[in-house]
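Participant: Just final.txt, nothing more (compact mmCIF, C-alpha atoms):
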```
# COMPACT_ATOMS: atom_id res chain seq x y z
CA MET N 1 -123.89 -10.59 -35.70
CA THR N 2 -124.24 -8.12 -32.87
CA PRO N 3 -127.40 -8.84 -30.81
CA THR N 4 -130.08 -6.16 -30.69
CA ARG N 5 -130.96 -4.44 -27.45
CA ARG N 6 -134.03 -6.62 -26.99
CA THR N 7 -132.12 -9.87 -27.48
CA ALA N 8 -132.64 -12.23 -24.55
CA VAL N 9 -129.58 -13.31 -22.61
CA LYS N 10 -128.98 -16.83 -23.84
CA SER N 11 -126.08 -19.17 -24.15
CA SER N 12 -125.18 -19.74 -27.79
CA ALA N 13 -124.04 -23.01 -29.28
CA PRO N 14 -120.47 -23.23 -30.60
CA VAL N 15 -120.23 -22.36 -34.27
CA PRO N 16 -118.36 -25.00 -36.27
CA SER N 17 -115.60 -24.02 -38.66
CA ALA N 18 -116.39 -23.96 -42.35
CA GLY N 19 -115.90 -27.08 -44.45
CA ALA N 20 -116.02 -30.81 -43.84
CA ASP N 21 -112.84 -30.77 -41.77
CA GLY N 22 -114.32 -28.17 -39.43
CA GLY N 23 -117.53 -30.19 -39.19
CA ARG N 24 -115.65 -33.35 -38.22
CA ARG N 25 -113.65 -31.39 -35.66
CA THR N 26 -116.88 -30.16 -34.12
CA GLU N 27 -118.29 -33.71 -34.06
CA ILE N 28 -115.21 -34.88 -32.16
CA LEU N 29 -115.59 -32.04 -29.66
CA GLN N 30 -119.28 -32.82 -29.16
CA SER N 31 -118.55 -36.52 -28.64
CA ALA N 32 -115.75 -35.71 -26.18
CA ALA N 33 -117.95 -33.27 -24.27
CA SER N 34 -120.77 -35.79 -23.96
CA LEU N 35 -118.48 -38.59 -22.75
CA ILE N 36 -116.54 -36.44 -20.28
CA ALA N 37 -119.75 -34.96 -18.89
CA SER N 38 -121.09 -38.45 -18.13
CA SER N 39 -117.91 -40.41 -17.37
CA GLY N 40 -115.38 -37.82 -16.25
CA LEU N 41 -111.80 -37.30 -17.37
CA ARG N 42 -111.12 -41.03 -17.37
CA THR N 43 -112.56 -40.95 -20.88
CA SER N 44 -109.90 -42.08 -23.36
CA LEU N 45 -109.11 -40.87 -26.86
CA GLU N 46 -110.17 -44.29 -28.16
CA GLU N 47 -113.59 -43.88 -26.59
CA ILE N 48 -113.93 -40.39 -28.04
CA ALA N 49 -112.98 -41.61 -31.51
CA ASP N 50 -115.43 -44.49 -31.28
CA ALA N 51 -118.25 -42.14 -30.23
CA ALA N 52 -117.40 -39.83 -33.14
CA GLY N 53 -117.48 -42.75 -35.57
CA ILE N 54 -113.84 -42.53 -36.62
CA LEU N 55 -110.67 -44.53 -36.08
CA ALA N 56 -108.45 -43.48 -33.22
CA GLY N 57 -105.63 -42.74 -35.65
CA SER N 58 -107.86 -40.41 -37.65
CA LEU N 59 -108.59 -38.36 -34.55
CA TYR N 60 -104.97 -37.19 -34.49
CA HIS N 61 -105.53 -35.41 -37.81
CA HIS N 62 -107.77 -33.00 -35.89
CA PHE N 63 -106.34 -32.96 -32.36
CA GLU N 64 -102.81 -33.87 -31.38
CA SER N 65 -103.79 -35.04 -27.90
CA LYS N 66 -106.59 -35.37 -25.38
CA GLU N 67 -105.34 -32.18 -23.75
CA ALA N 68 -105.83 -30.31 -27.04
CA ILE N 69 -109.48 -31.38 -26.97
CA LEU N 70 -109.87 -30.23 -23.37
CA ILE N 71 -108.32 -26.86 -24.20
CA GLU N 72 -110.75 -26.30 -27.06
CA LEU N 73 -113.74 -27.29 -24.90
CA ILE N 74 -112.76 -24.77 -22.22
CA ARG N 75 -112.13 -22.04 -24.79
CA ARG N 76 -115.63 -22.47 -26.19
CA TYR N 77 -117.08 -22.46 -22.68
CA HIS N 78 -115.35 -19.19 -21.82
CA ALA N 79 -116.36 -17.68 -25.16
CA ASP N 80 -120.03 -18.43 -24.46
CA LEU N 81 -119.81 -16.96 -20.97
CA ASP N 82 -118.21 -13.83 -22.41
CA ARG N 83 -121.04 -13.50 -24.96
CA ILE N 84 -123.63 -13.81 -22.21
CA ALA N 85 -121.83 -11.13 -20.20
CA GLU N 86 -121.74 -8.79 -23.21
CA ILE N 87 -125.47 -9.14 -23.83
CA ALA N 88 -126.23 -8.60 -20.12
CA GLN N 89 -124.20 -5.40 -20.12
CA GLN N 90 -126.13 -4.19 -23.19
CA ARG N 91 -129.41 -4.84 -21.44
CA LEU N 92 -128.35 -2.56 -18.59
CA ASP N 93 -127.97 0.30 -21.08
CA GLU N 94 -131.57 0.09 -22.30
CA PRO N 95 -133.52 3.34 -21.91
CA HIS N 96 -136.39 1.60 -20.10
CA PRO N 97 -134.85 -0.94 -17.69
CA ARG N 98 -136.93 -3.83 -16.41
CA PRO N 99 -137.46 -4.68 -12.74
CA ALA N 100 -134.15 -5.62 -11.08
CA SER N 101 -135.34 -9.10 -10.12
CA GLU N 102 -136.20 -9.90 -13.73
CA GLY N 103 -132.76 -8.90 -15.00
CA ILE N 104 -130.93 -10.89 -12.30
CA VAL N 105 -132.95 -14.05 -12.91
CA GLU N 106 -132.57 -13.73 -16.69
CA LEU N 107 -128.79 -13.47 -16.39
CA GLY N 108 -128.74 -16.30 -13.86
CA SER N 109 -130.75 -18.52 -16.20
CA ALA N 110 -128.34 -17.84 -19.07
CA ILE N 111 -125.35 -18.74 -16.87
CA ALA N 112 -127.02 -21.97 -15.77
CA GLN N 113 -127.94 -22.96 -19.33
CA CYS N 114 -124.38 -22.30 -20.45
CA ALA N 115 -123.06 -24.47 -17.61
CA VAL N 116 -125.33 -27.34 -18.65
CA GLN N 117 -124.36 -26.99 -22.30
CA HIS N 118 -120.65 -27.00 -21.39
CA ARG N 119 -120.77 -29.57 -18.58
CA ALA N 120 -117.47 -31.17 -19.60
CA ALA N 121 -115.59 -27.86 -19.56
CA LEU N 122 -117.24 -26.97 -16.26
CA GLN N 123 -116.03 -30.21 -14.68
CA ILE N 124 -112.51 -29.57 -15.94
CA SER N 125 -112.63 -26.05 -14.47
CA PHE N 126 -114.18 -27.25 -11.21
CA TYR N 127 -110.76 -28.35 -10.03
CA GLU N 128 -107.18 -27.86 -11.24
CA ALA N 129 -106.61 -29.61 -14.56
CA PRO N 130 -104.75 -32.92 -14.07
CA SER N 131 -102.00 -31.90 -16.47
CA ALA N 132 -98.55 -30.43 -16.76
CA ASN N 133 -99.72 -28.48 -19.81
CA PRO N 134 -99.48 -24.84 -18.71
CA GLU N 135 -102.10 -23.65 -21.21
CA LEU N 136 -104.66 -26.17 -19.99
CA VAL N 137 -103.92 -25.41 -16.34
CA GLU N 138 -104.24 -21.65 -16.94
CA LEU N 139 -107.53 -22.02 -18.79
CA ALA N 140 -108.98 -24.37 -16.16
CA GLN N 141 -108.08 -21.98 -13.35
CA ARG N 142 -109.16 -18.79 -15.14
CA PRO N 143 -112.10 -17.20 -13.27
CA PRO N 144 -115.12 -16.13 -15.35
CA VAL N 145 -114.33 -12.44 -14.88
CA ALA N 146 -116.67 -11.08 -17.56
CA ILE N 147 -119.73 -12.90 -16.25
CA GLN N 148 -118.92 -11.93 -12.65
CA GLN N 149 -118.62 -8.29 -13.70
CA ALA N 150 -121.93 -8.47 -15.58
CA MET N 151 -123.61 -9.95 -12.49
CA LEU N 152 -122.04 -7.27 -10.30
CA GLN N 153 -123.36 -4.48 -12.53
CA THR N 154 -126.79 -6.10 -12.63
CA LEU N 155 -126.84 -6.28 -8.83
CA ARG N 156 -125.72 -2.65 -8.59
CA ALA N 157 -128.66 -1.67 -10.76
CA GLY N 158 -130.81 -3.56 -8.27
CA ARG N 159 -129.33 -1.58 -5.39
CA TRP N 160 -129.86 1.74 -7.18
CA SER N 161 -133.51 0.83 -7.69
CA GLY N 162 -133.91 0.02 -3.98
CA TYR N 163 -134.36 -3.73 -4.57
CA ILE N 164 -131.14 -4.81 -2.79
CA ARG N 165 -130.21 -3.66 0.70
CA PRO N 166 -127.41 -1.07 0.95
CA ASP N 167 -125.41 -3.08 3.54
CA ILE N 168 -124.77 -6.06 1.24
CA ASP N 169 -121.25 -6.65 -0.14
CA LEU N 170 -122.13 -6.79 -3.84
CA PRO N 171 -118.80 -8.17 -5.19
CA THR N 172 -119.05 -11.12 -2.80
CA LEU N 173 -122.71 -11.63 -3.69
CA ALA N 174 -121.92 -11.54 -7.42
CA ASP N 175 -119.17 -14.12 -6.96
CA ARG N 176 -121.45 -16.33 -4.86
CA MET N 177 -124.33 -16.16 -7.32
CA CYS N 178 -122.14 -16.91 -10.34
CA GLN N 179 -120.54 -19.92 -8.66
CA SER N 180 -123.90 -21.31 -7.52
CA LEU N 181 -125.46 -20.84 -10.95
CA LEU N 182 -122.53 -22.54 -12.66
CA HIS N 183 -123.07 -25.51 -10.32
CA VAL N 184 -126.33 -26.14 -12.19
CA GLY N 185 -124.09 -27.76 -14.81
CA LEU N 186 -123.25 -30.45 -12.23
CA ASP N 187 -126.19 -32.78 -12.74
CA VAL N 188 -126.07 -34.01 -9.16
CA ILE N 189 -127.58 -30.60 -8.31
CA ARG N 190 -129.81 -30.09 -11.35
CA HIS N 191 -130.81 -33.76 -11.60
CA LYS N 192 -133.55 -33.95 -14.26
CA ALA N 193 -134.92 -30.42 -13.92
CA ALA N 194 -134.65 -27.70 -16.56
CA ALA N 195 -131.68 -25.38 -16.09
CA ASP N 196 -133.81 -22.23 -16.04
CA GLN N 197 -136.08 -23.68 -13.32
CA VAL N 198 -133.13 -24.47 -11.07
CA ALA N 199 -131.58 -21.06 -11.77
CA ALA N 200 -134.80 -19.32 -10.80
CA ILE N 201 -134.92 -21.17 -7.45
CA LEU N 202 -131.26 -20.47 -6.71
CA CYS N 203 -131.75 -16.77 -7.45
CA ARG N 204 -134.89 -16.70 -5.32
CA ILE N 205 -133.06 -18.28 -2.36
CA LEU N 206 -130.00 -16.04 -2.55
CA LEU N 207 -131.99 -12.85 -3.18
CA GLN N 208 -135.04 -13.31 -0.96
CA GLY N 209 -133.86 -15.88 1.59
CA LEU N 210 -135.76 -18.85 2.99
CA ALA N 211 -136.85 -17.40 6.34
CA SER N 212 -140.31 -15.88 6.57
CA ARG N 213 -138.96 -13.30 9.05
CA PRO N 214 -135.48 -11.79 9.54
CA HIS N 215 -133.38 -13.44 12.25
CA SER N 216 -130.67 -11.40 13.96
CA ASP N 217 -127.11 -12.68 14.28
CA ALA N 218 -127.39 -12.64 18.06
CA GLU N 219 -130.54 -14.77 17.92
CA LEU N 220 -128.95 -17.34 15.63
CA ASP N 221 -125.72 -17.42 17.66
CA ARG N 222 -127.74 -18.38 20.76
CA SER N 223 -129.65 -21.23 19.13
CA ARG N 224 -129.29 -24.79 20.37
CA ALA N 225 -128.52 -25.91 16.84
CA PHE N 226 -125.54 -23.53 16.71
CA ALA N 227 -124.35 -24.84 20.08
CA ALA N 228 -124.65 -28.42 18.79
CA ALA N 229 -122.60 -27.47 15.73
CA ASN N 230 -119.83 -25.97 17.87
CA GLU N 231 -119.77 -29.05 20.11
CA VAL N 232 -119.11 -31.28 17.11
CA ILE N 233 -116.56 -28.90 15.58
CA GLN N 234 -114.57 -28.98 18.83
CA THR N 235 -114.28 -32.77 18.57
CA TRP N 236 -112.69 -32.68 15.13
CA THR N 237 -109.10 -33.88 15.04
CA ASP N 238 -106.53 -33.31 12.35
CA GLU N 239 -103.95 -35.93 11.39
CA ARG N 240 -101.36 -33.17 11.50
CA GLU N 241 -101.79 -33.51 15.26
CA ALA N 242 -101.30 -37.28 15.17
CA ASN N 243 -98.41 -39.22 16.74
CA PRO N 244 -95.37 -38.64 14.47
CA ASP N 245 -94.43 -42.30 14.94
CA ASP N 246 -97.74 -43.45 13.43
CA LYS N 247 -96.69 -44.28 9.85
CA ALA N 248 -100.23 -44.77 8.57
CA ALA N 249 -101.31 -41.35 9.86
CA HIS N 250 -98.13 -39.82 8.42
CA VAL N 251 -98.78 -41.33 4.99
CA ARG N 252 -102.42 -40.20 4.99
CA ARG N 253 -101.37 -36.69 5.99
CA VAL N 254 -98.81 -36.49 3.19
CA ALA N 255 -101.18 -38.07 0.66
CA ARG N 256 -103.91 -35.61 1.52
CA THR N 257 -101.55 -32.73 0.79
CA GLU N 258 -100.25 -34.30 -2.44
CA PHE N 259 -103.75 -35.10 -3.71
CA GLY N 260 -104.87 -31.57 -2.91
CA ARG N 261 -101.84 -30.02 -4.59
CA ARG N 262 -101.44 -32.23 -7.66
CA GLY N 263 -104.89 -33.73 -8.14
CA TYR N 264 -105.80 -37.32 -7.36
CA GLU N 265 -105.46 -38.79 -10.84
CA VAL N 266 -101.87 -37.73 -11.55
CA THR N 267 -100.51 -38.39 -8.04
CA THR N 268 -98.77 -41.76 -7.77
CA ILE N 269 -97.80 -43.91 -4.81
CA ARG N 270 -94.20 -43.10 -5.74
CA ASP N 271 -95.00 -39.36 -5.37
CA ILE N 272 -96.53 -39.97 -1.95
CA ALA N 273 -93.65 -42.17 -0.82
CA SER N 274 -91.10 -39.55 -1.90
CA ALA N 275 -92.94 -36.75 -0.10
CA ALA N 276 -93.29 -38.93 3.01
CA GLY N 277 -89.61 -39.92 3.01
CA LEU N 278 -90.51 -43.61 2.80
CA GLY N 279 -90.01 -46.43 0.32
CA THR N 280 -92.78 -47.29 -2.13
CA GLY N 281 -93.06 -50.79 -0.69
CA THR N 282 -93.48 -49.40 2.82
CA VAL N 283 -96.29 -47.10 1.70
CA HIS N 284 -98.08 -50.03 0.02
CA ARG N 285 -97.80 -52.12 3.19
CA VAL N 286 -99.07 -49.27 5.37
CA ILE N 287 -102.05 -48.05 3.33
CA GLY N 288 -102.61 -50.53 0.47
CA SER N 289 -103.65 -49.12 -2.91
CA LYS N 290 -104.07 -45.51 -3.92
CA GLU N 291 -107.81 -46.10 -4.25
CA ALA N 292 -107.97 -47.41 -0.66
CA LEU N 293 -106.06 -44.35 0.51
CA LEU N 294 -108.48 -42.01 -1.28
CA ALA N 295 -111.46 -43.83 0.23
CA SER N 296 -109.93 -43.49 3.71
CA ILE N 297 -109.39 -39.73 3.31
CA MET N 298 -112.88 -39.16 1.92
CA ARG N 299 -114.46 -41.31 4.65
CA SER N 300 -112.68 -39.31 7.34
CA PHE N 301 -113.92 -36.01 5.90
CA GLU N 302 -117.45 -37.32 5.50
CA GLN N 303 -117.56 -38.60 9.08
CA LYS N 304 -116.57 -35.20 10.44
CA VAL N 305 -119.21 -33.31 8.45
CA GLY N 306 -121.81 -36.05 8.94
CA ALA N 307 -121.42 -35.90 12.72
CA GLY N 308 -122.21 -32.19 12.54
CA TRP N 309 -125.38 -32.84 10.56
CA VAL N 310 -126.56 -35.49 13.01
CA GLY N 311 -125.95 -33.30 16.05
CA ILE N 312 -127.71 -30.31 14.50
CA LEU N 313 -130.74 -32.20 13.20
CA GLN N 314 -131.26 -33.83 16.60
CA SER N 315 -131.10 -30.52 18.47
CA ASP N 316 -134.16 -28.77 19.89
CA ALA N 317 -134.19 -25.91 17.39
CA THR N 318 -136.26 -24.47 14.57
CA PRO N 319 -135.69 -25.40 10.90
CA ILE N 320 -134.16 -21.98 10.19
CA GLU N 321 -131.79 -22.31 13.15
CA LYS N 322 -130.78 -25.76 11.93
CA LEU N 323 -130.09 -24.51 8.40
CA ASP N 324 -127.91 -21.78 9.87
CA ALA N 325 -125.95 -24.28 11.95
CA LEU N 326 -125.48 -26.58 8.95
CA SER N 327 -123.88 -23.68 7.08
CA TRP N 328 -121.55 -23.12 10.04
CA VAL N 329 -120.42 -26.76 10.02
CA ASP N 330 -119.75 -26.65 6.28
CA ILE N 331 -117.81 -23.36 6.58
CA ASN N 332 -115.63 -24.79 9.34
CA ALA N 333 -115.02 -27.97 7.36
CA LEU N 334 -113.88 -25.92 4.36
CA ASP N 335 -111.64 -23.77 6.53
CA ARG N 336 -110.00 -26.57 8.47
CA PHE N 337 -109.97 -29.43 5.98
CA HIS N 338 -109.62 -27.66 2.63
CA ASP N 339 -107.34 -30.37 1.19
CA GLU N 340 -109.97 -33.03 1.82
CA PHE N 341 -112.62 -30.84 0.21
CA ARG N 342 -110.46 -30.32 -2.87
CA ILE N 343 -109.93 -34.06 -3.08
CA GLN N 344 -113.71 -34.49 -3.06
CA LEU N 345 -113.89 -32.10 -6.03
CA ALA N 346 -111.20 -34.07 -7.83
CA TRP N 347 -113.21 -37.24 -7.38
CA MET N 348 -116.33 -35.52 -8.72
CA ARG N 349 -114.35 -34.30 -11.73
CA GLN N 350 -112.89 -37.71 -12.50
CA SER N 351 -116.09 -39.70 -11.93
CA PRO N 352 -119.14 -37.41 -11.80
CA PRO N 353 -121.64 -38.78 -9.26
CA ASP N 354 -124.63 -37.69 -11.36
CA ALA N 355 -126.07 -41.14 -11.99
CA ASN N 356 -124.96 -42.80 -8.75
CA PRO N 357 -124.40 -40.13 -6.08
CA ALA N 358 -122.61 -41.07 -2.90
CA ARG N 359 -124.70 -42.56 -0.11
CA SER N 360 -123.89 -39.58 2.11
CA PHE N 361 -125.37 -37.22 -0.49
CA THR N 362 -128.63 -39.15 -0.79
CA THR N 363 -128.87 -39.35 3.02
CA ARG N 364 -128.38 -35.62 3.44
CA LEU N 365 -130.79 -34.88 0.63
CA ARG N 366 -133.46 -36.95 2.41
CA GLN N 367 -132.72 -35.22 5.73
CA LEU N 368 -132.88 -31.81 4.12
CA LYS N 369 -136.18 -32.55 2.40
CA ALA N 370 -137.70 -33.46 5.77
CA LEU N 371 -136.28 -30.31 7.38
CA LEU N 372 -137.52 -28.01 4.62
CA SER N 373 -140.96 -29.65 4.59
CA ALA N 374 -141.27 -29.09 8.34
CA GLY N 375 -140.27 -25.45 7.94
CA ILE N 376 -142.75 -24.88 5.12
CA ARG N 377 -145.57 -26.47 7.12
CA SER N 378 -144.82 -24.33 10.18
CA GLY N 379 -144.59 -21.16 8.09
CA GLU N 380 -140.97 -20.49 9.06
CA ILE N 381 -139.80 -21.07 5.49
CA ARG N 382 -141.28 -19.16 2.58
CA ILE N 383 -140.37 -20.29 -0.90
CA ASP N 384 -142.14 -20.86 -4.19
CA SER N 385 -140.69 -24.04 -5.68
CA PRO N 386 -142.09 -26.61 -8.12
CA SER N 387 -141.04 -29.44 -5.79
CA THR N 388 -139.34 -30.14 -2.48
CA GLU N 389 -136.86 -32.35 -4.35
CA MET N 390 -135.67 -29.47 -6.53
CA LEU N 391 -135.62 -27.08 -3.58
CA SER N 392 -133.59 -29.53 -1.50
CA ARG N 393 -130.94 -29.94 -4.20
CA CYS N 394 -130.61 -26.17 -4.48
CA VAL N 395 -130.38 -25.68 -0.71
CA ILE N 396 -127.80 -28.44 -0.28
CA ASP N 397 -125.66 -26.56 -2.79
CA VAL N 398 -125.97 -23.09 -1.23
CA LEU N 399 -125.31 -24.46 2.27
CA TRP N 400 -121.73 -24.92 1.07
CA MET N 401 -120.13 -21.49 0.92
CA PRO N 402 -117.64 -21.25 -1.98
CA GLU N 403 -114.14 -22.02 -0.74
CA SER N 404 -112.78 -18.82 -2.28
CA ILE N 405 -115.15 -16.71 -0.18
CA VAL N 406 -114.33 -18.55 3.05
CA ARG N 407 -110.61 -18.10 2.44
CA ALA N 408 -110.92 -14.42 1.47
CA ALA N 409 -113.45 -13.30 4.07
CA GLY N 410 -112.83 -15.64 7.01
CA LYS N 411 -115.26 -17.93 8.81
CA ARG N 412 -117.36 -15.36 10.65
CA ALA N 413 -117.80 -13.05 7.66
CA ALA N 414 -118.67 -16.07 5.50
CA LEU N 415 -121.32 -17.08 8.04
CA ILE N 416 -122.87 -13.58 8.02
CA HIS N 417 -122.94 -13.70 4.22
CA ALA N 418 -124.65 -17.11 4.37
CA ARG N 419 -127.26 -15.69 6.73
CA ASP N 420 -127.79 -12.64 4.53
CA THR N 421 -128.39 -14.79 1.47
CA VAL N 422 -129.78 -18.21 2.36
CA LEU N 423 -131.82 -17.09 5.40
CA ARG N 424 -132.57 -13.35 5.43
CA GLY N 425 -132.19 -12.56 1.75
CA VAL N 426 -130.40 -9.54 0.33
CA THR N 427 -133.51 -7.70 -0.85
CA THR N 428 -135.47 -5.15 1.13
CA ARG N 429 -138.32 -6.97 2.85
CA SER N 430 -140.93 -4.87 1.07
CA ALA N 431 -139.45 -5.86 -2.31
```
Starting from the file, lay out its structure as structure tokens.

Facilitator:
Amino acid sequence: MTPTRRTAVKSSAPVPSAGADGGRRTEILQSAASLIASSGLRTSLEEIADAAGILAGSLYHHFESKEAILIELIRRYHADLDRIAEIAQQRLDEPHPRPASEGIVELGSAIAQCAVQHRAALQISFYEAPSANPELVELAQRPPVAIQQAMLQTLRAGRWSGYIRPDIDLPTLADRMCQSLLHVGLDVIRHKAAADQVAAILCRILLQGLASRPHSDAELDRSRAFAAANEVIQTWTDEREANPDDKAAHVRRVARTEFGRRGYEVTTIRDIASAAGLGTGTVHRVIGSKEALLASIMRSFEQKVGAGWVGILQSDATPIEKLDALSWVDINALDRFHDEFRIQLAWMRQSPPDANPARSFTTRLRQLKALLSAGIRSGEIRIDSPSTEMLSRCVIDVLWMPESIVRAAGKRAALIHARDTVLRGVTTRSA
């Protein structure tokens, strides 16, 4: 049924096919979605069948493979996003439009709720599908064009009304907002909060900014926090610059590329050995297991970014200047070590850290809560949030600029965009 003009923008639940067979198919999909959302793509067909209350052999009457289940989950996810986009576009055609902020937050809330409902599909799409199935790979990599276009049109309506500044790049902002709102489906960000609450805070940060007054680029460039960030960035080394005779460094360099290109789960030691021009036994002697190799790569990436956080937080600078410098470190890490970042995403997809987040995440979350609390007390940060915990989780997400924006715009432009959203806000200050 076509929604009326006054229909709220909401994510709709998948509609099961008619008949008992369609109902059982839907039960299998729901069981698979729940297991993958909590345990990652390590979930087996046997586990899915057990959760659905059927024998593993019976599952094949409905789906020929695990990949067929994943394909259907992503299709339903995209279908819901498309429905949300359609309703949002209809709302823009109403004869008496609402305030721009209300329309943006409503659309953002619907995107976030859809992401939570389809957490399994979101995790599959968060990184290239670990599969040789071209249909699954294409679906997993397909950008949510309809929802991005709906957000772009909603933001344009905000500009026409005078709510959003004329100098803001709206396509980039629409992309940024959609990606951040979809991240609400990753429970490590949402935690136990309601999706619409988190969406409202994310929209508030990206639209209005955290800073109580606008800071110029020149002012932020001169801060001691920014200088501390650059000092740490200059110390970063890349194993591509390592001694070519160092076999361990050579293997790690090759493995990083293979993990980033293929995905961690499907890359084997044999694949790494072949790419490195070494025997499988030699690779095992040099680096041990594949799990040990992954841990080494992730630890190296974390140490680089962590050093930046420590240097910035210890600098003699204001909370806003420190937030700006933290964005700069993250942007540089994405630009220089994109393979390591993609490997981090692969790990999150395979084993979502929702229940037991990495120690580095909990440490940074604690540091960020202290920084935000200090800024709120001093009046430098203005934000209406139900809790510092929820605010901190949202800020830790938006500090990371989407990789696609960094690659398309470049580091400096990405930094300016971060300042325009997270710090200054994109709205006119009187709005």

Participant: Check the smallest atom-to-atom distance from each of N:Thr421, N:Ser31, N:Thr237, N:Ser274 to N:Phe337 using only C-alpha atoms, then report the winner.

Facilitator: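 Of the candidates, the smallest distance to N:Phe337 is held by N:Thr237.
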
Participant: So which one's closest to N:Ile71, N:Ser101, N:Gln179, N:Gln117, N:Asn133? Using all atoms listed in the file, please.

Facilitator: N:Asn133

Participant: So that I can see what lies close to N:Gln141, please list as JSON, numbers by chain the residues with an atom at most 12 Å from it, counting only C-alpha atoms and leaving out residues fewer than 3 positions away in the same chain.

Facilitator: {"N": [71, 74, 78, 121, 122, 123, 124, 125, 126, 127, 128, 129, 130, 134, 135, 136, 137, 138, 144, 145]}

Participant: If I take atom CA of N:Trp160 and atom CA of N:Gln208, how far is one from the other in Å, to one decimal?

Facilitator: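 About the pair atom CA of N:Trp160 and atom CA of N:Gln208: they are 17.1 Å apart.
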
Participant: Measuring atom to atom with all atoms listed in the file, identify which of N:Leu323, N:Val286, N:Leu391, N:Ala307 is nearest to N:Phe226.

Facilitator: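 Among the listed residues, the smallest separation from N:Phe226 belongs to N:Leu323.
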
Participant: Which of these, N:Thr257, N:Thr280, N:Ser300, N:Ser315, has the shortest distance to N:Ala228 once you count only C-alpha atoms?

Facilitator: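 For N:Ala228, the nearest of the candidates is N:Ser315.
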
Participant: Skip stretch 404-418 of chain N itself and residues of its chain fewer than 3 positions away, then list as an MDAnalysis selection string all residues within 9 Å of it, counting only C-alpha atoms.

Facilitator: chainID N and resid 168:169 172:173 175:176 206 217 324 327:328 331:332 334:335 398:401 421:424

Participant: Using all atoms listed in the file, which of the listed residues (N:Ile69, N:Ala374, N:Ile297, N:Ala225) sits closest to N:Ile343?

Facilitator: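 Result for the nearest residue to N:Ile343: N:Ile297.
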
Participant: When you count only C-alpha atoms, which of these residues is closest to N:Ile205: N:Arg165, N:Met177, N:Phe341, N:Arg377?

Facilitator: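 Using only C-alpha atoms, N:Ile205 sits closest to N:Met177.
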
Participant: Contacts of N:Lys290 at 9 Å or less, counting all atoms listed in the file, minus same-chain residues fewer than 5 places along, as a VMD selection string?

Facilitator: chain N and resid 267 to 269 284 295

Participant: Using only C-alpha atoms, give me every residue within 9 Å of (-138.2, -27.8, 8.0) in file coordinates, as a list of chain:residue names.

Facilitator: N:Thr318, N:Pro319, N:Ile320, N:Lys322, N:Leu323, N:Leu368, N:Lys369, N:Ala370, N:Leu371, N:Leu372, N:Ser373, N:Ala374, N:Gly375, N:Ile376, N:Arg377, N:Ser378, N:Glu380, N:Ile381

Participant: Set the distance at 8 Å and use only C-alpha atoms: which residues neighbour N:Leu92 once local chain neighbours fewer than 3 positions away are removed? I'd like the list as JSON, numbers by chain.

Facilitator: {"N": [88, 89, 97, 154, 157]}

Participant: How many Å separate atom CA of N:Ala32 from atom CA of N:Ile48?

Facilitator: 5.4 Å

Participant: Kindly give the distance, in Å, that separates atom CA of N:His250 and atom CA of N:Tyr264, rounded to a single decimal.

Facilitator: 17.7 Å

Participant: Mind checking which residues fall within 9 Å of N:Thr427, counting only C-alpha atoms, ignoring those fewer than 6 positions away in the same chain, and posting them as a ChimeraX atom specification?

Facilitator: /N:158-159,162-165,207-209
